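**Q** The structure follows.
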Amino acid sequence: MTLWYVGVLALVLLAFSAGVYTLLTRSLNERLDGSLQAAAQSTASSLTRELTEGLAEAPEIAEAEEVPLAQVEAYVEQEALLGTVEEFSFPNEALAIFDAQGRLLAEKATPDNLHAALPPFDVLPDQPVRLFTPSDNQQYDAGLRGAAVRVSARTKGAPYLIVVTQSLKTNAEELTLLRRIFYIAAPLTLLLAALGGFFLARKALAPVEAMSTRAQRINAENLKERLPVANPRDELGRLAAAFNDLLERLNNAFDQQRQFMADASHELRTPLSVMHTTAEVTLEQPRRLESEYREALALMDAQVSRLTRIVEDMFTLARADAGRYPLQPSQFYLDELIDETAQAARMLAARKNVSVEVVAAETPFQGDEELLRQMLLNLLNNAIKYTPTGGTIRVGLAPNHSTYEISVADSGTGIPDNAQPHIFERFYRADKARTRTEANGGSGVGLGLSIARWIVEAHNGQLELRRSDASGSLFVASLPNNSH
Ligand code: ADP
């Protein structure tokens with residue numbers, strides 16, 4: 001990050017410096033040219049003025065002094081040249097005035113001895129002022145720049161040529177100074193930016209460092225640990241919080257698995273130990289009556305049935321969890337399924353003198369018939385189990401919006417309030433002692449409702465306990481009527 005940052009800044013600085021340098025070079029050159037032009041022009045106008053004034057008086061003076069006019073004019077010209085050169089007040093610029101043949105008539109060198117030279121023939125001005133770059137001059141490494149102007153105020157003969165020259169040294173010095181500033185300031189800025197960037201990046205990424213150190217320590221054994229959340233409102237804080245939520249969910253899932261294992265082994269142990277004890281007691285004596293053997297075997301058979309059911313239920317749930325329980329949908333009538341299942345349940349209910357009533361209109365449906373039958377059987381088994389003698393169970397099927405609601409209502413004892421939120425959990429039983437000792441197939445281990453709920457959800461529906469109190473319980477399975 002810091003390297004990128006410094007790299008980009010270096011490019012920006014480079015572009016900026018180059019821009020400033022170019023602009024300054026141009027502006028310095030323009031200023032120099034302007035000053036040369038001004039010097040040349042002012043010299044030209046001062047020479048013109050002196051000549052015009054002097055020459056105007058020449059005939060008069062020639063007459064009064066009785067000297068030839070040409071002599072007076074030559075004198076006037078000489079004076080004008082000297083006066084102009086003397087007046088010239090640009091300290092950094094050298095001035096020279098030539099005649100048309102290129103002979104030097106008058107000049108003023110700069111304090112550091114720069115002389116203005118005759119420009120090459122091709123730059124002789126054909127316009128008021130002509131700027132030019134004098135050819136190579138050993139003395140001045142920085143180069144020279146000049147301006148030439150032609151003055152034709154003379155009465156006879158060819159015009160004068162005024163040349164002003166200046167060294168580019170001052171400009172070059174200013175540019176050198178600027179370069180030096182850049183050479184020092186740019187690396188210094190980059191260094192500071194790098195240090196600052198590094199510091200900021202370290203500071204900004206410190207939470208990530210802390211999070212990864214902590215995350216490396218978390219495994220299945222200490223899933224309760226959480227990542228440090230420095231500031232819950234920034235992006236990293238939200239990341240840490242999301243990660244912590246994930247840990248929470250994983251931890252819960254792990255807990256459930258552990259609980260499932262513990263419950264499962266507990267449930268499997270009971271029938272096994274009953275069988276073991278029965279066998280031991282029976283075998284204690286070398287001989288027994290046939291009826292005693294039969295009794296023992298019948299007891300063991302009941303335990304084996306129970307074990308088989310537990311294992312089958314667990315297997316069903318395990319496959320469902322792994323997503324390897326493909327539904328086998330078919331087209332059938334829900335009301336028929338309900339009738340058949342209720343008929344089967346009546347055999348069991350009859351022993352307790354419990355009646356099972358069905359109210360269901362013809363309802364075609366698409367779904368896994370066998371699974372739905374098992375779901376209904378589980379609900380009915382529970383209803384029969386928890387309904388006292390003489391009670392009634394009502395099974396209904398009614399359309400409701402876009403769903404079909406299968407309801408199973410019993411006139412049983414109801415489920416205690418504190419147990420209601422848990423009845424769909426695996427291996428949960430509201431009253432363990434009672435269930436286990438129950439005779440009428442009361443061999444529930446607490447998986448019946450878990451399986452029923454899974455079956456309904458696999459059909460994209462919902463199974464809920466809608467009501468449960470002293471007058472009985474009502475379970476409702478809502479199945480979408482477009483279920484496939
Ligand atoms: P079980 O195999 O013990 O019946 P379930 O998962 O089917 O297991 O039910 C879990 C618990 O919910 C039962 O132990 C029981 O306490 C309670 N329960 C379920 N259905 C009823 C009902 N119709 N009336 C009263 N209690 C019920």
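Ligands are numbered from 1 in the order shown, chains are lettered A, B, ... in the order of the structure tokens, and residues start at 1 in each chain.
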Please, which residues have at least one atom within 9 Å of an atom of ligand 1, using only C-alpha atoms and all ligand atoms, listed as an MDAnalysis selection string?
**A** chainID A and resid 378:387 408:416 419:420 422:432 435:436 442:452 465 468 472:475
**Q** Write out as number ranges by chain which residues come within 12 Å of A:Glu369 when counting only C-alpha atoms, dropping same-chain ones fewer than 2 positions away.
**A** A: 327-338, 340-341, 364-367, 371-376, 455-456, 459, 484
**Q** As a ChimeraX atom specification, please: all residues of stretch 314-354 of chain A that backbone DSSP puts in strand (DSSP E).
**A** /A:330-333
**Q** Give me a file of those residues, with C-alpha atoms, as a JSON list (two decimals), in the first residue's frame.
**A**
[["chain", "number", "residue", "atom", "x", "y", "z"],
["A", 330, "SER", "CA", -46.03, -38.20, -7.19],
["A", 331, "GLN", "CA", -49.55, -37.07, -7.85],
["A", 332, "PHE", "CA", -52.07, -38.25, -5.23],
["A", 333, "TYR", "CA", -55.05, -37.14, -3.15]]
**Q** Identify, on the basis of only C-alpha atoms, every residue whose closest approach to stretch 268-279 of chain A does not exceed 9 Å; exclude the query and any residue fewer than 5 positions from it along the same chain; express the result as an NGL selection string.
**A** :A and (263 or 284 or 296-297 or 299-304 or 306-307 or 310-311)
**Q** Once you have the residues from the selection above, write them out as a PDB file, in the first residue's frame, restricted to C-alpha atoms.
**A**
ATOM      1  CA  ASP A 263     -28.683 -37.985  23.513  1.00  0.00           C
ATOM      2  CA  GLU A 284     -29.325 -67.359  35.681  1.00  0.00           C
ATOM      3  CA  ALA A 296     -38.112 -62.818  28.012  1.00  0.00           C
ATOM      4  CA  LEU A 297     -37.932 -63.062  24.238  1.00  0.00           C
ATOM      5  CA  LEU A 299     -39.455 -58.268  26.099  1.00  0.00           C
ATOM      6  CA  MET A 300     -36.257 -58.391  24.088  1.00  0.00           C
ATOM      7  CA  ASP A 301     -38.231 -58.209  20.824  1.00  0.00           C
ATOM      8  CA  ALA A 302     -39.927 -55.012  22.038  1.00  0.00           C
ATOM      9  CA  GLN A 303     -36.535 -53.541  22.842  1.00  0.00           C
ATOM     10  CA  VAL A 304     -35.171 -54.535  19.442  1.00  0.00           C
ATOM     11  CA  ARG A 306     -37.498 -49.762  19.791  1.00  0.00           C
ATOM     12  CA  LEU A 307     -33.838 -49.815  18.847  1.00  0.00           C
ATOM     13  CA  ILE A 310     -34.518 -45.123  16.964  1.00  0.00           C
ATOM     14  CA  VAL A 311     -31.849 -46.124  14.485  1.00  0.00           C
TER      15      VAL A 311
END
**Q** Can you work out the spacing between atom CA of A:Asn231 and atom CA of A:Gly196 in Å, to one decimal?
**A**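 According to the coordinates, atom CA of A:Asn231 and atom CA of A:Gly196 are separated by 22.0 Å.
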**Q** Of the candidates A:Gln78, A:Asn252, A:Gln37, A:Gln101, which one gets nearest to A:Gly146 if we count only C-alpha atoms?
**A**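 Distance minimum relative to A:Gly146 lands on A:Gln37.
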**Q** Skip A:Asn460 itself and residues of its chain fewer than 5 positions away, then list as an MDAnalysis selection string all residues within 9 Å of it, counting only C-alpha atoms.
**A** chainID A and resid 455 478:480 483
**Q** Between atom CA of A:Gly323 and atom CA of A:Asp368, measure the distance and give it in Å to one decimal.
**A** 15.4 Å
**Q** Can you list, as an mmCIF file with N, CA and C atoms, in the first residue's frame, every protein, DNA or RNA residue that comes within 9 Å of stretch 168-176 of chain A when you count only C-alpha atoms, leaving out same-chain residues fewer than 3 positions away?
**A**
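Listing of selection.cif after writing:
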data_model
loop_
_atom_site.group_PDB
_atom_site.id
_atom_site.type_symbol
_atom_site.label_atom_id
_atom_site.label_comp_id
_atom_site.auth_asym_id
_atom_site.auth_seq_id
_atom_site.Cartn_x
_atom_site.Cartn_y
_atom_site.Cartn_z
ATOM 1 N N TYR A 21 8.566 23.870 -13.950
ATOM 2 C CA TYR A 21 9.848 24.192 -14.578
ATOM 3 C C TYR A 21 9.621 24.771 -15.973
ATOM 4 N N LEU A 24 8.042 28.242 -15.787
ATOM 5 C CA LEU A 24 8.977 29.268 -15.331
ATOM 6 C C LEU A 24 9.989 29.596 -16.423
ATOM 7 N N THR A 25 10.486 28.554 -17.107
ATOM 8 C CA THR A 25 11.441 28.783 -18.196
ATOM 9 C C THR A 25 10.826 29.725 -19.234
ATOM 10 N N LEU A 28 10.387 33.287 -17.863
ATOM 11 C CA LEU A 28 11.676 34.001 -17.754
ATOM 12 C C LEU A 28 12.150 34.473 -19.128
ATOM 13 N N ASN A 29 12.010 33.558 -20.116
ATOM 14 C CA ASN A 29 12.448 33.917 -21.470
ATOM 15 C C ASN A 29 11.632 35.074 -22.021
ATOM 16 N N LEU A 32 12.744 38.283 -20.445
ATOM 17 C CA LEU A 32 14.026 38.724 -20.987
ATOM 18 C C LEU A 32 13.841 39.362 -22.363
ATOM 19 N N TYR A 140 30.347 32.821 -22.372
ATOM 20 C CA TYR A 140 29.068 32.724 -21.652
ATOM 21 C C TYR A 140 28.400 31.369 -21.882
ATOM 22 N N ASP A 141 28.615 30.450 -20.900
ATOM 23 C CA ASP A 141 28.077 29.101 -21.038
ATOM 24 C C ASP A 141 26.562 29.111 -21.153
ATOM 25 N N ALA A 142 25.955 30.021 -20.413
ATOM 26 C CA ALA A 142 24.498 30.017 -20.339
ATOM 27 C C ALA A 142 23.864 30.460 -21.641
ATOM 28 N N GLY A 143 24.637 31.111 -22.523
ATOM 29 C CA GLY A 143 24.076 31.569 -23.788
ATOM 30 C C GLY A 143 23.709 33.038 -23.743
ATOM 31 N N LEU A 144 23.418 33.555 -24.904
ATOM 32 C CA LEU A 144 23.098 34.988 -25.008
ATOM 33 C C LEU A 144 21.797 35.157 -25.757
ATOM 34 N N ARG A 145 21.240 36.362 -25.612
ATOM 35 C CA ARG A 145 20.020 36.670 -26.348
ATOM 36 C C ARG A 145 20.112 38.131 -26.732
ATOM 37 N N ARG A 179 15.664 23.840 -9.798
ATOM 38 C CA ARG A 179 15.982 22.410 -9.928
ATOM 39 C C ARG A 179 16.497 21.869 -8.607
ATOM 40 N N ARG A 180 17.383 22.678 -7.974
ATOM 41 C CA ARG A 180 17.939 22.221 -6.694
ATOM 42 C C ARG A 180 16.828 22.028 -5.671
ATOM 43 N N ILE A 181 15.906 22.997 -5.657
ATOM 44 C CA ILE A 181 14.784 22.877 -4.694
ATOM 45 C C ILE A 181 14.025 21.586 -4.953
#
**Q** Name the residues of stretch 67-153 of chain A that come out as helix (DSSP H, G or I) in a backbone DSSP run; write them as a VMD selection string.
**A** chain A and resid 69 to 87 121 to 123
**Q** For atom CA of A:Ala106 and atom CA of A:Thr165, determine how far apart the two atoms are, in Å to one decimal place.
**A** 14.3 Å
**Q** Looking at only C-alpha atoms, which of A:Val151, A:Leu105, A:Ala40, A:Leu236 is the one that sits closest to A:Ala204?
**A**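 Among A:Val151, A:Leu105, A:Ala40, A:Leu236, it is A:Leu236 that comes nearest to A:Ala204.
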